[in-house]
>>> print(open('data.txt').read())   # compact mmCIF, C-alpha atoms
# COMPACT_ATOMS: atom_id res chain seq x y z
CA LEU A 1 115.04 109.36 105.23
CA ALA A 2 112.73 111.59 107.29
CA LEU A 3 110.83 112.59 104.16
CA LEU A 4 110.50 108.96 103.09
CA LYS A 5 109.21 107.90 106.49
CA THR A 6 106.57 110.63 106.44
CA GLY A 7 105.27 109.62 103.01
CA GLN A 8 106.93 112.40 101.01
CA ALA A 9 108.59 110.07 98.53
CA ASP A 10 108.94 112.65 95.72
CA ALA A 11 110.77 115.12 97.97
CA ALA A 12 112.82 112.26 99.43
CA ALA A 13 113.96 111.16 95.96
CA SER A 14 115.00 114.74 95.10
CA ALA A 15 116.99 114.98 98.34
CA LEU A 16 118.63 111.58 97.94
CA LEU A 17 119.66 111.89 94.29
CA PRO A 18 122.68 114.21 94.82
CA ALA A 19 123.86 112.08 97.74
CA ALA A 20 123.61 108.91 95.64
CA ASN A 21 125.47 110.54 92.74
CA THR A 22 128.28 112.02 94.80
CA ALA A 23 128.84 109.02 97.10
CA PRO A 24 128.47 105.85 94.99
CA HIS A 25 130.75 104.02 97.43
CA LEU A 26 128.05 104.28 100.13
CA LEU A 27 125.19 101.78 100.30
CA GLN A 28 122.46 103.74 102.04
CA PRO A 29 121.96 106.76 99.73
CA ARG A 30 121.34 104.58 96.67
CA LEU A 31 119.30 102.03 98.59
CA LEU A 32 117.07 104.77 100.01
CA LEU A 33 116.78 106.39 96.58
CA ALA A 34 115.55 103.08 95.16
CA ARG A 35 113.03 102.83 98.00
CA ALA A 36 111.77 106.36 97.29
CA LEU A 37 111.42 105.62 93.58
CA GLY A 38 109.58 102.41 94.42
CA ALA A 39 107.16 104.34 96.61
CA LEU A 40 106.46 106.51 93.55
CA GLY A 41 105.82 103.43 91.41
CA ARG A 42 109.00 103.99 89.39
CA TRP A 43 110.09 100.39 89.82
CA ALA A 44 112.15 100.06 86.63
CA GLU A 45 114.38 102.96 87.68
CA ALA A 46 114.64 101.58 91.21
CA ARG A 47 115.58 98.15 89.84
CA ASP A 48 118.36 99.63 87.71
CA ILE A 49 119.81 101.35 90.77
CA MET A 50 119.70 98.15 92.81
CA ASN A 51 121.36 96.17 90.02
CA ASP A 52 124.32 98.54 90.33
CA VAL A 53 124.19 98.42 94.14
CA THR A 54 124.41 94.61 94.26
CA THR A 55 127.38 94.77 91.88
CA THR A 56 129.12 97.20 94.22
CA PHE A 57 128.01 95.43 97.43
CA PRO A 58 127.60 91.74 96.49
CA SER A 59 127.84 90.57 100.10
CA GLU A 60 125.18 92.86 101.58
CA PRO A 61 121.91 90.99 102.22
CA GLU A 62 119.97 94.27 102.49
CA ALA A 63 121.05 95.19 98.97
CA TRP A 64 119.77 91.88 97.58
CA LEU A 65 116.57 92.21 99.61
CA TRP A 66 115.75 95.58 98.08
CA ARG A 67 116.80 94.44 94.64
CA GLY A 68 114.21 91.68 95.05
CA HIS A 69 111.55 94.18 96.15
CA CYS A 70 112.27 96.35 93.12
CA GLU A 71 112.14 93.36 90.76
CA SER A 72 108.83 92.31 92.31
CA GLY A 73 107.49 95.82 91.89
CA ALA A 74 108.53 95.72 88.22
CA GLY A 75 106.71 92.40 87.80
CA ASP A 76 109.83 90.26 87.34
CA PHE A 77 109.13 87.67 90.04
CA ALA A 78 111.61 85.12 88.70
CA ALA A 79 114.44 87.62 89.11
CA ALA A 80 113.05 88.63 92.52
CA ALA A 81 113.13 84.99 93.67
CA ALA A 82 116.81 84.76 92.73
CA SER A 83 117.60 88.00 94.59
CA PHE A 84 115.70 86.97 97.73
CA ALA A 85 117.43 83.57 97.61
CA ARG A 86 120.81 85.31 97.49
CA ALA A 87 119.83 87.52 100.43
CA ALA A 88 118.75 84.44 102.40
CA GLU A 89 122.10 82.77 101.69
CA LEU A 90 123.92 85.80 103.05
CA LYS A 91 121.67 86.02 106.12
CA PRO A 92 120.50 82.48 106.90
CA GLY A 93 117.46 81.98 109.07
CA ASP A 94 115.98 85.46 108.60
CA PRO A 95 112.19 84.89 108.53
CA GLU A 96 111.44 88.10 106.61
CA LEU A 97 113.86 87.19 103.83
CA LEU A 98 112.54 83.64 103.64
CA ASN A 99 108.94 84.88 103.59
CA ASN A 100 109.75 87.24 100.71
CA LEU A 101 111.40 84.35 98.88
CA GLY A 102 108.26 82.27 99.36
CA VAL A 103 106.07 85.03 97.95
CA ALA A 104 108.20 85.38 94.81
CA LEU A 105 108.37 81.62 94.25
CA ARG A 106 104.61 81.34 94.55
CA ALA A 107 104.17 84.14 92.00
CA VAL A 108 106.06 82.08 89.39
CA GLY A 109 104.20 78.87 90.19
CA ARG A 110 106.98 77.13 92.11
CA PHE A 111 104.60 76.10 94.88
CA GLU A 112 106.63 73.32 96.54
CA GLU A 113 109.70 75.54 96.76
CA SER A 114 107.53 78.37 98.07
CA ALA A 115 106.14 76.13 100.82
CA ASN A 116 109.67 75.07 101.77
CA ALA A 117 110.76 78.71 102.07
CA TYR A 118 107.85 79.43 104.43
CA ARG A 119 108.65 76.31 106.46
CA LYS A 120 112.24 77.53 106.88
CA ALA A 121 110.91 80.92 107.99
CA LEU A 122 108.75 79.20 110.60
CA SER A 123 111.66 77.05 111.76
CA ALA A 124 113.49 80.29 112.54
CA ALA A 125 110.43 82.09 113.93
CA PRO A 126 107.57 79.70 114.83
CA ASP A 127 105.22 82.56 115.72
CA HIS A 128 105.64 84.51 112.46
CA ALA A 129 101.98 85.03 111.60
CA LEU A 130 102.56 86.16 108.01
CA SER A 131 104.57 83.05 107.18
CA HIS A 132 101.81 80.86 108.64
CA ALA A 133 99.23 82.65 106.48
CA ASN A 134 101.36 82.45 103.34
CA LEU A 135 102.19 78.80 103.94
CA GLY A 136 98.48 78.09 104.38
CA ASN A 137 97.73 79.76 101.04
CA VAL A 138 100.31 77.82 99.08
CA LEU A 139 99.36 74.53 100.74
CA GLY A 140 95.82 75.21 99.58
CA LEU A 141 97.14 75.49 96.02
CA LEU A 142 98.89 72.16 96.55
CA ASP A 143 95.57 70.62 97.74
CA ASP A 144 96.93 69.90 101.21
CA VAL A 145 93.65 71.15 102.64
CA GLN A 146 94.04 70.09 106.26
CA ALA A 147 97.54 71.52 106.67
CA ALA A 148 96.49 74.69 104.85
CA GLU A 149 93.66 75.32 107.27
CA PHE A 150 95.91 74.63 110.26
CA HIS A 151 98.36 77.35 109.22
CA LEU A 152 95.66 79.83 108.22
CA ARG A 153 94.03 79.45 111.63
CA ARG A 154 97.38 79.58 113.41
CA ALA A 155 98.08 82.95 111.79
CA LEU A 156 94.89 84.35 113.33
CA VAL A 157 95.65 82.89 116.75
CA LEU A 158 98.96 84.77 116.64
CA ALA A 159 97.50 87.94 115.12
CA PRO A 160 93.70 88.15 115.69
CA ASP A 161 93.40 91.51 113.91
CA PHE A 162 95.36 90.41 110.84
CA VAL A 163 92.97 91.46 108.07
CA ASP A 164 94.71 89.52 105.30
CA GLY A 165 94.64 86.49 107.59
CA HIS A 166 90.85 86.70 107.86
CA TYR A 167 90.59 87.10 104.10
CA ASN A 168 92.82 84.10 103.46
CA LEU A 169 90.88 81.84 105.81
CA GLY A 170 87.52 83.09 104.53
CA ALA A 171 88.51 82.44 100.91
CA HIS A 172 89.86 79.00 101.82
CA LEU A 173 86.61 78.04 103.55
CA LEU A 174 84.51 79.45 100.71
CA ARG A 175 86.38 77.38 98.13
CA ARG A 176 85.43 74.31 100.15
CA ASP A 177 81.75 75.27 100.36
CA ARG A 178 81.93 75.98 104.09
CA VAL A 179 80.02 79.18 103.54
CA GLU A 180 78.65 79.75 107.05
CA GLU A 181 82.19 79.55 108.45
CA ALA A 182 83.59 81.80 105.74
CA LEU A 183 81.03 84.61 106.13
CA PRO A 184 82.20 86.15 109.42
CA HIS A 185 85.81 86.31 108.20
CA LEU A 186 84.85 87.96 104.91
CA ARG A 187 82.51 90.39 106.67
CA ARG A 188 85.34 91.35 109.01
CA VAL A 189 87.63 92.11 106.06
CA VAL A 190 85.04 94.30 104.33
CA ALA A 191 84.32 96.13 107.58
CA ALA A 192 88.03 96.89 108.01
CA GLN A 193 88.74 97.59 104.32
CA PRO A 194 85.48 98.63 102.61
CA GLU A 195 87.30 99.45 99.34
CA ARG A 196 88.77 95.96 98.96
CA ASP A 197 87.19 94.60 95.79
CA ASP A 198 88.43 91.00 96.12
CA ALA A 199 86.85 90.70 99.56
CA LEU A 200 83.62 92.31 98.34
CA THR A 201 83.47 89.82 95.46
CA ASN A 202 84.02 86.80 97.68
CA LEU A 203 81.55 88.08 100.23
CA GLY A 204 79.03 88.37 97.40
CA VAL A 205 79.64 84.73 96.43
CA ALA A 206 79.08 83.62 100.02
CA LEU A 207 75.89 85.67 100.31
CA VAL A 208 74.45 84.18 97.13
CA ALA A 209 75.11 80.73 98.56
CA VAL A 210 72.95 81.53 101.60
CA GLY A 211 70.23 83.24 99.53
CA GLU A 212 71.00 86.85 100.46
CA TYR A 213 70.71 88.11 96.90
CA ALA A 214 70.18 91.82 97.54
CA GLU A 215 73.21 92.15 99.79
CA ALA A 216 75.28 90.04 97.38
CA GLU A 217 74.35 92.32 94.48
CA ALA A 218 75.37 95.35 96.52
CA CYS A 219 78.75 93.73 97.19
CA TYR A 220 79.33 92.96 93.51
CA ARG A 221 78.35 96.44 92.39
CA ARG A 222 80.55 98.03 95.03
CA ALA A 223 83.48 95.85 93.95
CA ILE A 224 82.98 96.99 90.35
CA GLN A 225 82.73 100.62 91.44
CA VAL A 226 86.04 100.28 93.29
CA ASN A 227 87.71 98.36 90.44
CA PRO A 228 85.82 98.54 87.13
CA GLY A 229 88.17 95.94 85.64
CA ASN A 230 87.34 93.25 88.19
CA GLY A 231 86.20 90.56 85.76
CA GLU A 232 85.27 88.12 88.48
CA ALA A 233 82.86 90.61 90.08
CA HIS A 234 81.25 91.32 86.69
CA TYR A 235 80.94 87.59 85.95
CA ASP A 236 79.47 86.79 89.37
CA LEU A 237 77.06 89.71 89.04
CA ALA A 238 76.01 88.29 85.66
CA TRP A 239 74.99 84.98 87.23
CA LEU A 240 73.04 86.75 89.95
CA LEU A 241 71.22 88.91 87.41
CA LEU A 242 70.37 85.87 85.28
CA LEU A 243 69.28 83.96 88.37
CA THR A 244 66.84 86.75 89.22
CA GLY A 245 65.49 87.14 85.67
CA ARG A 246 67.23 90.35 84.60
CA TRP A 247 68.31 88.96 81.26
CA ALA A 248 69.48 91.99 79.29
CA GLU A 249 71.91 93.26 81.91
CA GLY A 250 72.85 89.73 82.89
CA TRP A 251 73.97 88.70 79.39
CA LYS A 252 75.87 91.96 79.01
CA GLU A 253 77.80 91.32 82.21
CA PHE A 254 78.33 87.70 81.15
CA GLU A 255 80.64 88.90 78.36
CA TRP A 256 83.27 89.58 81.03
CA ARG A 257 83.95 85.84 81.13
CA TRP A 258 86.32 86.15 78.18
CA GLY A 259 88.70 88.32 80.18
CA MET A 260 88.97 85.89 83.09
CA PRO A 261 92.12 83.72 83.17
CA SER A 262 90.17 81.09 85.12
CA PHE A 263 87.36 80.77 82.55
CA SER A 264 87.44 77.23 81.20
CA SER A 265 86.56 77.88 77.54
CA ARG A 266 88.65 79.77 75.05
CA ARG A 267 87.11 82.45 72.86
CA ARG A 268 86.77 81.26 69.28
CA THR A 269 86.64 83.45 66.19
CA PHE A 270 84.28 83.07 63.26
CA THR A 271 83.81 84.83 59.95
CA ALA A 272 80.19 85.59 60.84
CA PRO A 273 79.39 88.43 63.27
CA LEU A 274 79.21 87.51 66.94
CA TRP A 275 75.62 87.20 68.17
CA ASP A 276 74.95 89.69 70.96
CA GLY A 277 72.16 87.61 72.50
CA LEU A 278 69.60 90.29 71.78
CA THR A 279 69.08 90.58 68.02
>>> encode(input="data.txt", output="structure tokens")
Amino acid sequence: LALLKTGQADAAASALLPAANTAPHLLQPRLLLARALGALGRWAEARDIMNDVTTTFPSEPEAWLWRGHCESGAGDFAAAAASFARAAELKPGDPELLNNLGVALRAVGRFEESANAYRKALSAAPDHALSHANLGNVLGLLDDVQAAEFHLRRALVLAPDFVDGHYNLGAHLLRRDRVEEALPHLRRVVAAQPERDDALTNLGVALVAVGEYAEAEACYRRAIQVNPGNGEAHYDLAWLLLLTGRWAEGWKEFEWRWGMPSFSSRRRTFTAPLWDGLT
């Protein structure tokens, strides 16, 4: 446990493995081993351990909680939602469990159920800033714009230095073309987390909207440097390059549109070669 808490997950896993193997009747060694494996990104192994743990300890909410975390880490959010729901049944009114349930439900597109989970978390803990922020996000997806903004702002009243809260509110305002209001929140996120490519991309969008093209381009290029696979940053950079007359690079970057889930057109195939826009 000491190794895990000090970030030495590999050494922690090695120390916990014999304890987990020799004492399968105890909850903590296997639970901590799963946590250590999760910290190493070995989520499939961690999930297998927690499947066995919940079979052995079906009435332990902590076991179901960590099974849900491992399933989320492995990308199985539907299974994670079921595990978090079971944990919440065993420990009603726990805001952390309900918040985790809301996150998993949102990930599988069950937005109304996600919102209800966050509301239950806030009924138990009205000042839970993370639940306010998450509820605001999912209400935005449900087009309840006024309620979404209320909860996003409430999260920042409760936790003024909550970086994700500033990002969430900034993105919400940007989507509604309230650029001047969005800018200070997005700038604050980038100042706190300069390697955050999603914030850099959104800040670039806001800067283009107010005519600050040079700074916007720097944001896009930094986002791509941090995450070369950020299709949105490439696509937004393409529009900026085309807007400023740099056609060759602009059309090259524009090809990233095909890798964006949000792009409205599907890529069609033809027997003739694809025109590259240049020859």
>>> residues_near_point(input="data.txt", point="(117.9, 107.8, 98.2)", cutoff="7 Å", atoms="only C-alpha atoms", output="PyMOL selection string")
chain A and resi 12-13+16-17+20+29-36
>>> write_last_selection(input="data.txt", atoms="C-alpha atoms", output="short mmCIF file (atom, residue, chain, number, x, y, z; two decimals), in the frame of the given file")
data_model
loop_
_atom_site.label_atom_id
_atom_site.label_comp_id
_atom_site.auth_asym_id
_atom_site.auth_seq_id
_atom_site.Cartn_x
_atom_site.Cartn_y
_atom_site.Cartn_z
CA ALA A 12 112.82 112.26 99.43
CA ALA A 13 113.96 111.16 95.96
CA LEU A 16 118.63 111.58 97.94
CA LEU A 17 119.66 111.89 94.29
CA ALA A 20 123.61 108.91 95.64
CA PRO A 29 121.96 106.76 99.73
CA ARG A 30 121.34 104.58 96.67
CA LEU A 31 119.30 102.03 98.59
CA LEU A 32 117.07 104.77 100.01
CA LEU A 33 116.78 106.39 96.58
CA ALA A 34 115.55 103.08 95.16
CA ARG A 35 113.03 102.83 98.00
CA ALA A 36 111.77 106.36 97.29
#
>>> residues_around(input="data.txt", residues="Arg67 (chain A)", least_positions_apart="3", cutoff="8 Å", atoms="only C-alpha atoms", output="mmCIF file with C-alpha atoms, in the coordinates of the input")
data_model
loop_
_atom_site.group_PDB
_atom_site.id
_atom_site.type_symbol
_atom_site.label_atom_id
_atom_site.label_comp_id
_atom_site.auth_asym_id
_atom_site.auth_seq_id
_atom_site.Cartn_x
_atom_site.Cartn_y
_atom_site.Cartn_z
ATOM 1 C CA ARG A 47 115.580 98.150 89.840
ATOM 2 C CA MET A 50 119.700 98.150 92.810
ATOM 3 C CA ASN A 51 121.360 96.170 90.020
ATOM 4 C CA THR A 54 124.410 94.610 94.260
ATOM 5 C CA ALA A 63 121.050 95.190 98.970
ATOM 6 C CA TRP A 64 119.770 91.880 97.580
ATOM 7 C CA CYS A 70 112.270 96.350 93.120
ATOM 8 C CA GLU A 71 112.140 93.360 90.760
ATOM 9 C CA ALA A 80 113.050 88.630 92.520
ATOM 10 C CA SER A 83 117.600 88.000 94.590
#
>>> residues_around(input="data.txt", residues="Leu142 (chain A)", least_positions_apart="5", cutoff="10 Å", atoms="all atoms listed in the file", output="MDAnalysis selection string")
chainID A and resid 111:112 115 136:137 148
>>> residues_around(input="data.txt", residues="Leu207 (chain A)", least_positions_apart="2", cutoff="10 Å", atoms="only C-alpha atoms", output="CSV table (one decimal) with C-alpha atoms, in the frame of the given file")
chain,number,residue,atom,x,y,z
A,179,VAL,CA,80.0,79.2,103.5
A,180,GLU,CA,78.6,79.8,107.0
A,183,LEU,CA,81.0,84.6,106.1
A,201,THR,CA,83.5,89.8,95.5
A,202,ASN,CA,84.0,86.8,97.7
A,203,LEU,CA,81.6,88.1,100.2
A,204,GLY,CA,79.0,88.4,97.4
A,205,VAL,CA,79.6,84.7,96.4
A,209,ALA,CA,75.1,80.7,98.6
A,210,VAL,CA,73.0,81.5,101.6
A,211,GLY,CA,70.2,83.2,99.5
A,212,GLU,CA,71.0,86.8,100.5
A,213,TYR,CA,70.7,88.1,96.9
A,214,ALA,CA,70.2,91.8,97.5
A,215,GLU,CA,73.2,92.2,99.8
A,216,ALA,CA,75.3,90.0,97.4
A,217,GLU,CA,74.4,92.3,94.5
A,219,CYS,CA,78.8,93.7,97.2
>>> atom_distance(input="data.txt", atom1="CA of Arg106 (chain A)", atom2="CA of Val138 (chain A)")
7.2 Å
>>> atom_distance(input="data.txt", atom1="CA of Leu169 (chain A)", atom2="CA of Ala182 (chain A)")
7.3 Å
>>> closest_atom_pairs(input="data.txt", of="region 184-232 of chain A", to="region 248-255 of chain A", cutoff="12 Å", atoms="all atoms listed in the file", output="Markdown table")
| residue | atom | partner | partner_atom | distance |
| --- | --- | --- | --- | --- |
| A:Glu217 | CA | A:Gly250 | CA | 12.0 |
| A:Tyr220 | CA | A:Glu253 | CA | 11.5 |
| A:Arg221 | CA | A:Glu253 | CA | 11.4 |
| A:Ile224 | CA | A:Glu253 | CA | 11.2 |
| A:Pro228 | CA | A:Glu253 | CA | 11.9 |
| A:Gly229 | CA | A:Glu253 | CA | 11.9 |
| A:Asn230 | CA | A:Glu253 | CA | 11.4 |
| A:Gly231 | CA | A:Glu253 | CA | 9.2 |
| A:Glu232 | CA | A:Phe254 | CA | 10.1 |
>>> residues_around(input="data.txt", residues="Arg196 (chain A)", least_positions_apart="5", cutoff="10 Å", atoms="all atoms listed in the file", output="list in words")
Val189, Val190, Ala191, Thr201, Arg222, Ala223, Val226 and Asn227 of chain A
>>> write_last_selection(input="data.txt", atoms="C-alpha atoms", output="mmCIF file, in the frame of the given file")
data_model
loop_
_atom_site.group_PDB
_atom_site.id
_atom_site.type_symbol
_atom_site.label_atom_id
_atom_site.label_comp_id
_atom_site.auth_asym_id
_atom_site.auth_seq_id
_atom_site.Cartn_x
_atom_site.Cartn_y
_atom_site.Cartn_z
ATOM 1 C CA VAL A 189 87.630 92.110 106.060
ATOM 2 C CA VAL A 190 85.040 94.300 104.330
ATOM 3 C CA ALA A 191 84.320 96.130 107.580
ATOM 4 C CA THR A 201 83.470 89.820 95.460
ATOM 5 C CA ARG A 222 80.550 98.030 95.030
ATOM 6 C CA ALA A 223 83.480 95.850 93.950
ATOM 7 C CA VAL A 226 86.040 100.280 93.290
ATOM 8 C CA ASN A 227 87.710 98.360 90.440
#
>>> residues_around(input="data.txt", residues="Ser114 (chain A)", least_positions_apart="3", cutoff="7 Å", atoms="only C-alpha atoms", output="PyMOL selection string")
chain A and resi 102-103+105-106+110-111+117-118
>>> write_last_selection(input="data.txt", atoms="C-alpha atoms", output="compact mmCIF listing (two decimals), keeping the file's coordinate frame")
# COMPACT_ATOMS: atom_id res chain seq x y z
CA GLY A 102 108.26 82.27 99.36
CA VAL A 103 106.07 85.03 97.95
CA LEU A 105 108.37 81.62 94.25
CA ARG A 106 104.61 81.34 94.55
CA ARG A 110 106.98 77.13 92.11
CA PHE A 111 104.60 76.10 94.88
CA ALA A 117 110.76 78.71 102.07
CA TYR A 118 107.85 79.43 104.43
>>> atom_distance(input="data.txt", atom1="CA of Leu3 (chain A)", atom2="CA of Asn21 (chain A)")
18.7 Å
>>> closest_residue(input="data.txt", among="A:Ala9, A:Leu1, A:Leu173, A:Ala206", to="Arg187 (chain A)", atoms="all atoms listed in the file")
A:Ala206
>>> closest_residue(input="data.txt", among="A:Arg175, A:Ala79, A:Gln28, A:His132", to="Val145 (chain A)", atoms="all atoms listed in the file")
A:Arg175
>>> closest_residue(input="data.txt", among="A:Asn99, A:Ala159, A:Arg42, A:Asp144", to="Asp127 (chain A)", atoms="all atoms listed in the file")
A:Ala159
>>> axis_aligned_box(input="data.txt", around="region 82-90 of chain A", padding_each_side="8 Å", output="JSON")
{"center_x": 119.8, "center_y": 85.4, "center_z": 97.9, "size_x": 24.2, "size_y": 21.2, "size_z": 26.3}
>>> closest_residue(input="data.txt", among="A:Asp76, A:Ser59, A:Ser131, A:Gly68", to="Asp94 (chain A)", atoms="only C-alpha atoms")
A:Ser131
>>> decode(input="data.txt", residues="region 173-184 of chain A", atoms="N, CA, C and O atoms", output="tab-separated table (two decimals), in the first residue's frame")
chain	number	residue	atom	x	y	z
A	173	LEU	N	-19.75	27.57	-23.08
A	173	LEU	CA	-19.97	28.93	-23.59
A	173	LEU	C	-19.53	29.05	-25.05
A	173	LEU	O	-20.17	29.72	-25.85
A	174	LEU	N	-18.43	28.39	-25.39
A	174	LEU	CA	-17.93	28.44	-26.76
A	174	LEU	C	-18.94	27.82	-27.73
A	174	LEU	O	-19.16	28.35	-28.82
A	175	ARG	N	-19.53	26.70	-27.33
A	175	ARG	CA	-20.51	26.05	-28.20
A	175	ARG	C	-21.72	26.94	-28.46
A	175	ARG	O	-22.42	26.76	-29.45
A	176	ARG	N	-21.95	27.89	-27.57
A	176	ARG	CA	-23.09	28.80	-27.72
A	176	ARG	C	-22.67	30.18	-28.22
A	176	ARG	O	-23.38	31.16	-28.06
A	177	ASP	N	-21.47	30.23	-28.81
A	177	ASP	CA	-20.94	31.45	-29.44
A	177	ASP	C	-20.79	32.60	-28.46
A	177	ASP	O	-20.80	33.78	-28.87
A	178	ARG	N	-20.60	32.31	-27.19
A	178	ARG	CA	-20.34	33.34	-26.19
A	178	ARG	C	-18.83	33.37	-25.95
A	178	ARG	O	-18.32	33.02	-24.89
A	179	VAL	N	-18.13	33.77	-27.01
A	179	VAL	CA	-16.68	33.61	-27.06
A	179	VAL	C	-15.97	34.43	-26.00
A	179	VAL	O	-15.04	33.95	-25.34
A	180	GLU	N	-16.37	35.70	-25.86
A	180	GLU	CA	-15.70	36.58	-24.90
A	180	GLU	C	-15.79	36.03	-23.47
A	180	GLU	O	-14.86	36.19	-22.68
A	181	GLU	N	-16.91	35.39	-23.16
A	181	GLU	CA	-17.06	34.79	-21.83
A	181	GLU	C	-16.25	33.51	-21.71
A	181	GLU	O	-15.74	33.18	-20.63
A	182	ALA	N	-16.13	32.78	-22.81
A	182	ALA	CA	-15.41	31.51	-22.77
A	182	ALA	C	-13.90	31.70	-22.63
A	182	ALA	O	-13.22	30.89	-21.98
A	183	LEU	N	-13.37	32.74	-23.25
A	183	LEU	CA	-11.91	32.92	-23.33
A	183	LEU	C	-11.19	32.87	-21.99
A	183	LEU	O	-10.19	32.15	-21.86
A	184	PRO	N	-11.62	33.63	-20.97
A	184	PRO	CA	-10.85	33.58	-19.72
A	184	PRO	C	-10.82	32.20	-19.07
A	184	PRO	O	-9.82	31.83	-18.45
